[in-house]
$ cat protein30.txt   # compact mmCIF, C-alpha atoms
# COMPACT_ATOMS: atom_id res chain seq x y z
CA MET T 1120 84.00 97.75 93.14
CA ILE T 1121 84.26 93.97 93.62
CA PRO T 1122 81.41 91.81 92.28
CA ASP T 1123 80.01 88.84 94.17
CA GLY T 1124 81.65 85.53 93.33
CA ALA T 1125 84.74 87.06 91.71
CA LYS T 1126 88.11 85.33 91.71
CA VAL T 1127 90.30 87.73 93.76
CA LEU T 1128 94.00 88.04 94.61
CA ASP T 1129 94.80 90.40 97.50
CA VAL T 1130 98.47 91.39 97.20
CA GLY T 1131 99.96 92.58 100.47
CA CYS T 1132 96.91 91.26 102.31
CA GLY T 1133 98.39 91.86 105.78
CA ASP T 1134 96.38 90.13 108.48
CA GLY T 1135 93.70 89.14 105.95
CA MET T 1136 90.91 91.36 107.26
CA LEU T 1137 89.83 92.57 103.78
CA LEU T 1138 90.23 89.12 102.22
CA GLU T 1139 88.17 87.50 104.97
CA TYR T 1140 85.42 90.11 104.52
CA LEU T 1141 85.33 89.51 100.75
CA VAL T 1142 85.21 85.73 101.15
CA HIS T 1143 82.29 85.89 103.61
CA ALA T 1144 80.34 88.95 102.45
CA LYS T 1145 80.92 88.78 98.68
CA ASN T 1146 81.42 85.01 98.34
CA VAL T 1147 84.65 85.56 96.39
CA ASP T 1148 87.20 82.88 95.59
CA GLY T 1149 89.91 84.73 97.49
CA ARG T 1150 93.67 84.25 97.55
CA GLY T 1151 96.36 86.33 99.21
CA LEU T 1152 100.04 87.13 98.77
CA GLU T 1153 101.78 88.55 101.85
CA LEU T 1154 105.42 89.39 102.62
CA SER T 1155 105.26 88.83 106.39
CA GLN T 1156 105.37 85.15 107.40
CA GLN T 1157 103.69 86.07 110.70
CA ASN T 1158 100.75 87.60 108.81
CA VAL T 1159 100.60 84.58 106.48
CA ASN T 1160 100.40 82.27 109.51
CA HIS T 1161 97.64 84.44 110.99
CA CYS T 1162 95.67 84.34 107.71
CA VAL T 1163 96.03 80.58 107.31
CA SER T 1164 94.92 80.03 110.91
CA ARG T 1165 91.74 81.95 109.99
CA GLY T 1166 91.12 79.60 107.04
CA LEU T 1167 92.32 81.96 104.30
CA SER T 1168 94.33 80.82 101.29
CA VAL T 1169 97.43 83.01 101.61
CA VAL T 1170 101.03 82.35 100.58
CA GLN T 1171 104.22 84.13 101.58
CA GLY T 1172 105.70 86.17 98.75
CA ASP T 1173 107.06 89.52 97.67
CA ALA T 1174 105.10 91.68 95.22
CA ASP T 1175 108.39 93.14 93.96
CA THR T 1176 109.62 89.76 92.74
CA ASP T 1177 106.92 87.05 92.84
CA LEU T 1178 104.03 88.42 90.76
CA GLY T 1179 105.70 87.17 87.57
CA GLU T 1180 104.89 83.61 88.70
CA TYR T 1181 101.15 84.16 88.20
CA PRO T 1182 99.55 83.44 84.80
CA SER T 1183 98.03 86.31 82.82
CA GLY T 1184 94.35 87.09 83.34
CA VAL T 1185 93.82 84.39 85.95
CA PHE T 1186 91.97 86.64 88.44
CA ASP T 1187 88.87 88.76 87.96
CA MET T 1188 90.18 91.29 90.47
CA VAL T 1189 93.63 91.96 91.90
CA ILE T 1190 93.77 94.23 94.96
CA LEU T 1191 96.73 96.24 96.19
CA SER T 1192 95.38 98.09 99.22
CA GLN T 1193 97.63 100.69 100.86
CA THR T 1194 100.70 98.81 99.62
CA ILE T 1195 102.05 100.32 96.37
CA GLN T 1196 103.94 102.99 98.32
CA ALA T 1197 105.73 100.25 100.29
CA THR T 1198 106.99 98.36 97.23
CA ARG T 1199 110.47 98.86 95.83
CA ARG T 1200 109.31 98.67 92.20
CA PRO T 1201 105.85 100.30 91.95
CA ARG T 1202 105.91 100.46 88.14
CA TYR T 1203 106.70 96.75 87.81
CA VAL T 1204 104.12 95.83 90.45
CA LEU T 1205 101.38 97.83 88.70
CA GLN T 1206 102.26 96.30 85.31
CA GLU T 1207 102.05 92.81 86.80
CA LEU T 1208 98.75 93.52 88.56
CA LEU T 1209 97.23 94.68 85.27
CA ARG T 1210 98.56 91.54 83.55
CA ILE T 1211 97.36 89.08 86.22
CA GLY T 1212 93.87 90.52 86.72
CA LYS T 1213 91.07 91.54 84.43
CA HIS T 1214 90.59 94.47 86.82
CA THR T 1215 92.94 95.94 89.41
CA ILE T 1216 92.12 97.96 92.51
CA VAL T 1217 94.87 100.12 93.99
CA SER T 1218 94.60 102.39 97.02
CA PHE T 1219 97.28 104.58 98.59
CA PRO T 1220 97.72 107.54 100.93
CA ASN T 1221 97.85 110.83 99.03
CA PHE T 1222 101.01 112.78 99.76
CA GLY T 1223 99.46 115.76 97.94
CA HIS T 1224 96.76 116.22 100.61
CA TRP T 1225 96.51 119.80 101.91
CA ARG T 1226 97.38 118.82 105.51
CA VAL T 1227 100.59 117.18 104.31
CA ARG T 1228 101.47 120.25 102.24
CA LEU T 1229 100.76 122.64 105.10
CA SER T 1230 102.76 120.61 107.57
CA LEU T 1231 105.77 120.63 105.25
CA MET T 1232 105.38 124.32 104.48
CA PHE T 1233 104.86 125.63 108.00
CA PHE T 1234 106.82 123.18 110.12
CA GLY T 1235 109.37 121.84 107.64
CA ARG T 1236 108.87 118.30 108.89
CA MET T 1237 107.40 115.13 107.48
CA PRO T 1238 103.81 115.01 108.67
CA ILE T 1239 102.01 112.34 110.63
CA THR T 1240 98.40 112.06 109.51
CA ARG T 1241 95.61 109.49 109.64
CA THR T 1242 96.84 107.88 106.39
CA LEU T 1243 100.56 108.57 106.91
CA GLY T 1244 100.64 107.39 110.50
CA HIS T 1245 104.37 106.87 111.10
CA SER T 1246 107.36 109.08 111.77
CA TRP T 1247 109.60 109.40 108.71
CA TYR T 1248 112.17 107.04 110.22
CA ASP T 1249 109.60 104.31 111.07
CA THR T 1250 107.43 104.38 107.97
CA PRO T 1251 107.00 101.34 105.73
CA ASN T 1252 106.37 103.80 102.89
CA ILE T 1253 109.33 104.16 100.56
CA HIS T 1254 107.62 105.77 97.55
CA LEU T 1255 105.21 108.52 98.52
CA CYS T 1256 103.06 109.82 95.69
CA THR T 1257 100.16 112.08 94.89
CA VAL T 1258 97.02 111.29 92.93
CA ALA T 1259 98.56 113.05 89.91
CA ASP T 1260 101.74 110.94 90.21
CA PHE T 1261 99.68 107.74 90.29
CA LEU T 1262 97.58 108.78 87.29
CA ALA T 1263 100.78 109.44 85.32
CA LEU T 1264 102.08 105.97 86.26
CA VAL T 1265 98.80 104.33 85.18
CA ASP T 1266 99.17 106.06 81.82
CA GLN T 1267 102.83 104.96 81.47
CA VAL T 1268 102.02 101.28 82.06
CA GLY T 1269 99.07 101.25 79.67
CA GLY T 1270 96.29 101.22 82.23
CA ARG T 1271 92.86 102.80 82.06
CA ILE T 1272 90.90 104.08 85.05
CA GLU T 1273 87.41 102.64 85.30
CA ARG T 1274 86.47 104.25 88.60
CA ALA T 1275 88.11 106.53 91.14
CA VAL T 1276 87.11 107.32 94.71
CA ALA T 1277 88.80 109.95 96.83
CA LEU T 1278 88.48 109.44 100.57
CA VAL T 1279 87.93 112.77 102.27
CA GLY T 1280 87.73 112.61 106.05
CA ASN T 1281 85.21 109.92 106.95
CA SER T 1282 83.18 110.31 103.72
CA ARG T 1283 83.74 109.23 100.14
CA THR T 1284 83.69 111.64 97.24
CA ARG T 1285 83.83 110.44 93.66
CA LYS T 1286 86.34 112.29 91.53
CA ILE T 1287 86.70 112.52 87.77
CA PRO T 1288 90.06 110.86 86.95
CA GLY T 1289 91.04 113.54 84.41
CA ASN T 1290 90.48 116.31 86.97
CA ASN T 1291 92.96 115.39 89.69
CA ARG T 1292 93.72 118.83 91.11
CA GLY T 1293 90.89 118.61 93.64
CA ALA T 1294 91.70 114.99 94.45
CA ASN T 1295 95.34 115.95 95.04
CA LEU T 1296 94.38 118.60 97.58
CA PHE T 1297 91.40 117.06 99.33
CA ALA T 1298 91.78 113.28 99.14
CA GLU T 1299 93.54 111.85 102.17
CA SER T 1300 93.61 108.52 100.39
CA ALA T 1301 92.51 107.36 96.93
CA ILE T 1302 91.13 104.14 95.47
CA PHE T 1303 91.30 103.37 91.76
CA ARG T 1304 89.78 100.53 89.76
CA LEU T 1305 91.90 99.93 86.66
CA THR T 1306 92.08 97.73 83.61
CA LYS T 1307 94.44 97.49 80.65
CA ARG T 1308 93.91 99.96 77.83
$ encode --input "protein30.txt" --output "structure tokens"
Amino acid sequence: MIPDGAKVLDVGCGDGMLLEYLVHAKNVDGRGLELSQQNVNHCVSRGLSVVQGDADTDLGEYPSGVFDMVILSQTIQATRRPRYVLQELLRIGKHTIVSFPNFGHWRVRLSLMFFGRMPITRTLGHSWYDTPNIHLCTVADFLALVDQVGGRIERAVALVGNSRTRKIPGNNRGANLFAESAIFRLTKR
């Protein structure tokens, strides 16, 4: 999904593991934006170019189209303003990659139906009171948001167990039920 030598911004880069991989394995010109100052310090100590910032408020500072790829990995559900964040990602990057845990997964649905409690799964690994996730969504919810903000899906991958299964973006019923997590590569329409 990310070409060699691309100019990349990793928003919510955490400890920088993905960014470091891309810099070394794909020879990208990588930058990061991270909320946690502790994670920023960790990234900088590893030689990564990461600044402290908040995706909910600081993305407007970046010029339009300055990055080839903007990545938001397992972070959109932890933002306060997902619509704004997605709009800004599409503006800043020529292409945007977003991944998130799928709240429509069958295990989540069964847990709610049979036990009446918020589930703890591999991709939703916290108790409801400890989760960083504030906006849980399904694949269908995300596709509707992409449409609302004027995005277009270039590629979609549903992660099912330990394997990857490619899904057709227009046919999200199967992805909603079987994808534990989803990755989308987007661009502006």
$ axis_aligned_box --input "protein30.txt" --around "region 1228-1232 of chain T" --padding-each-side "4 Å" --output "JSON"
{"center_x": 103.3, "center_y": 122.3, "center_z": 104.9, "size_x": 13.0, "size_y": 12.1, "size_z": 13.3}
$ closest_residue --input "protein30.txt" --among "T:Val1227, T:Val1169, T:Ala1294, T:Ile1272" --to "Ala1259 (chain T)" --atoms "all atoms listed in the file"
T:Ala1294
$ residues_near_point --input "protein30.txt" --point "(107.1, 102.9, 94.1)" --cutoff "10 Å" --atoms "all atoms listed in the file" --output "list of chain:residue names"
T:Asp1175, T:Thr1194, T:Ile1195, T:Gln1196, T:Ala1197, T:Thr1198, T:Arg1199, T:Arg1200, T:Pro1201, T:Arg1202, T:Tyr1203, T:Val1204, T:Leu1205, T:Asn1252, T:Ile1253, T:His1254, T:Leu1255, T:Cys1256, T:Phe1261, T:Leu1264
$ residues_around --input "protein30.txt" --residues "region 1127-1138 of chain T" --least-positions-apart "4" --cutoff "10 Å" --atoms "all atoms listed in the file" --output "PyMOL selection string"
chain T and resi 1121-1122+1142-1145+1147-1163+1165-1174+1178+1185-1195+1197-1198+1204+1208+1211-1212+1214-1217
$ closest_residue --input "protein30.txt" --among "T:Ser1218, T:Ser1164, T:Ser1183, T:Gln1267" --to "Ala1298 (chain T)" --atoms "only C-alpha atoms"
T:Ser1218
$ atom_distance --input "protein30.txt" --atom1 "CA of Leu1305 (chain T)" --atom2 "CA of Pro1251 (chain T)"
24.4 Å
$ atom_distance --input "protein30.txt" --atom1 "CA of Tyr1181 (chain T)" --atom2 "CA of Arg1210 (chain T)"
9.1 Å
$ atom_distance --input "protein30.txt" --atom1 "CA of Glu1299 (chain T)" --atom2 "CA of Ala1263 (chain T)"
18.5 Å
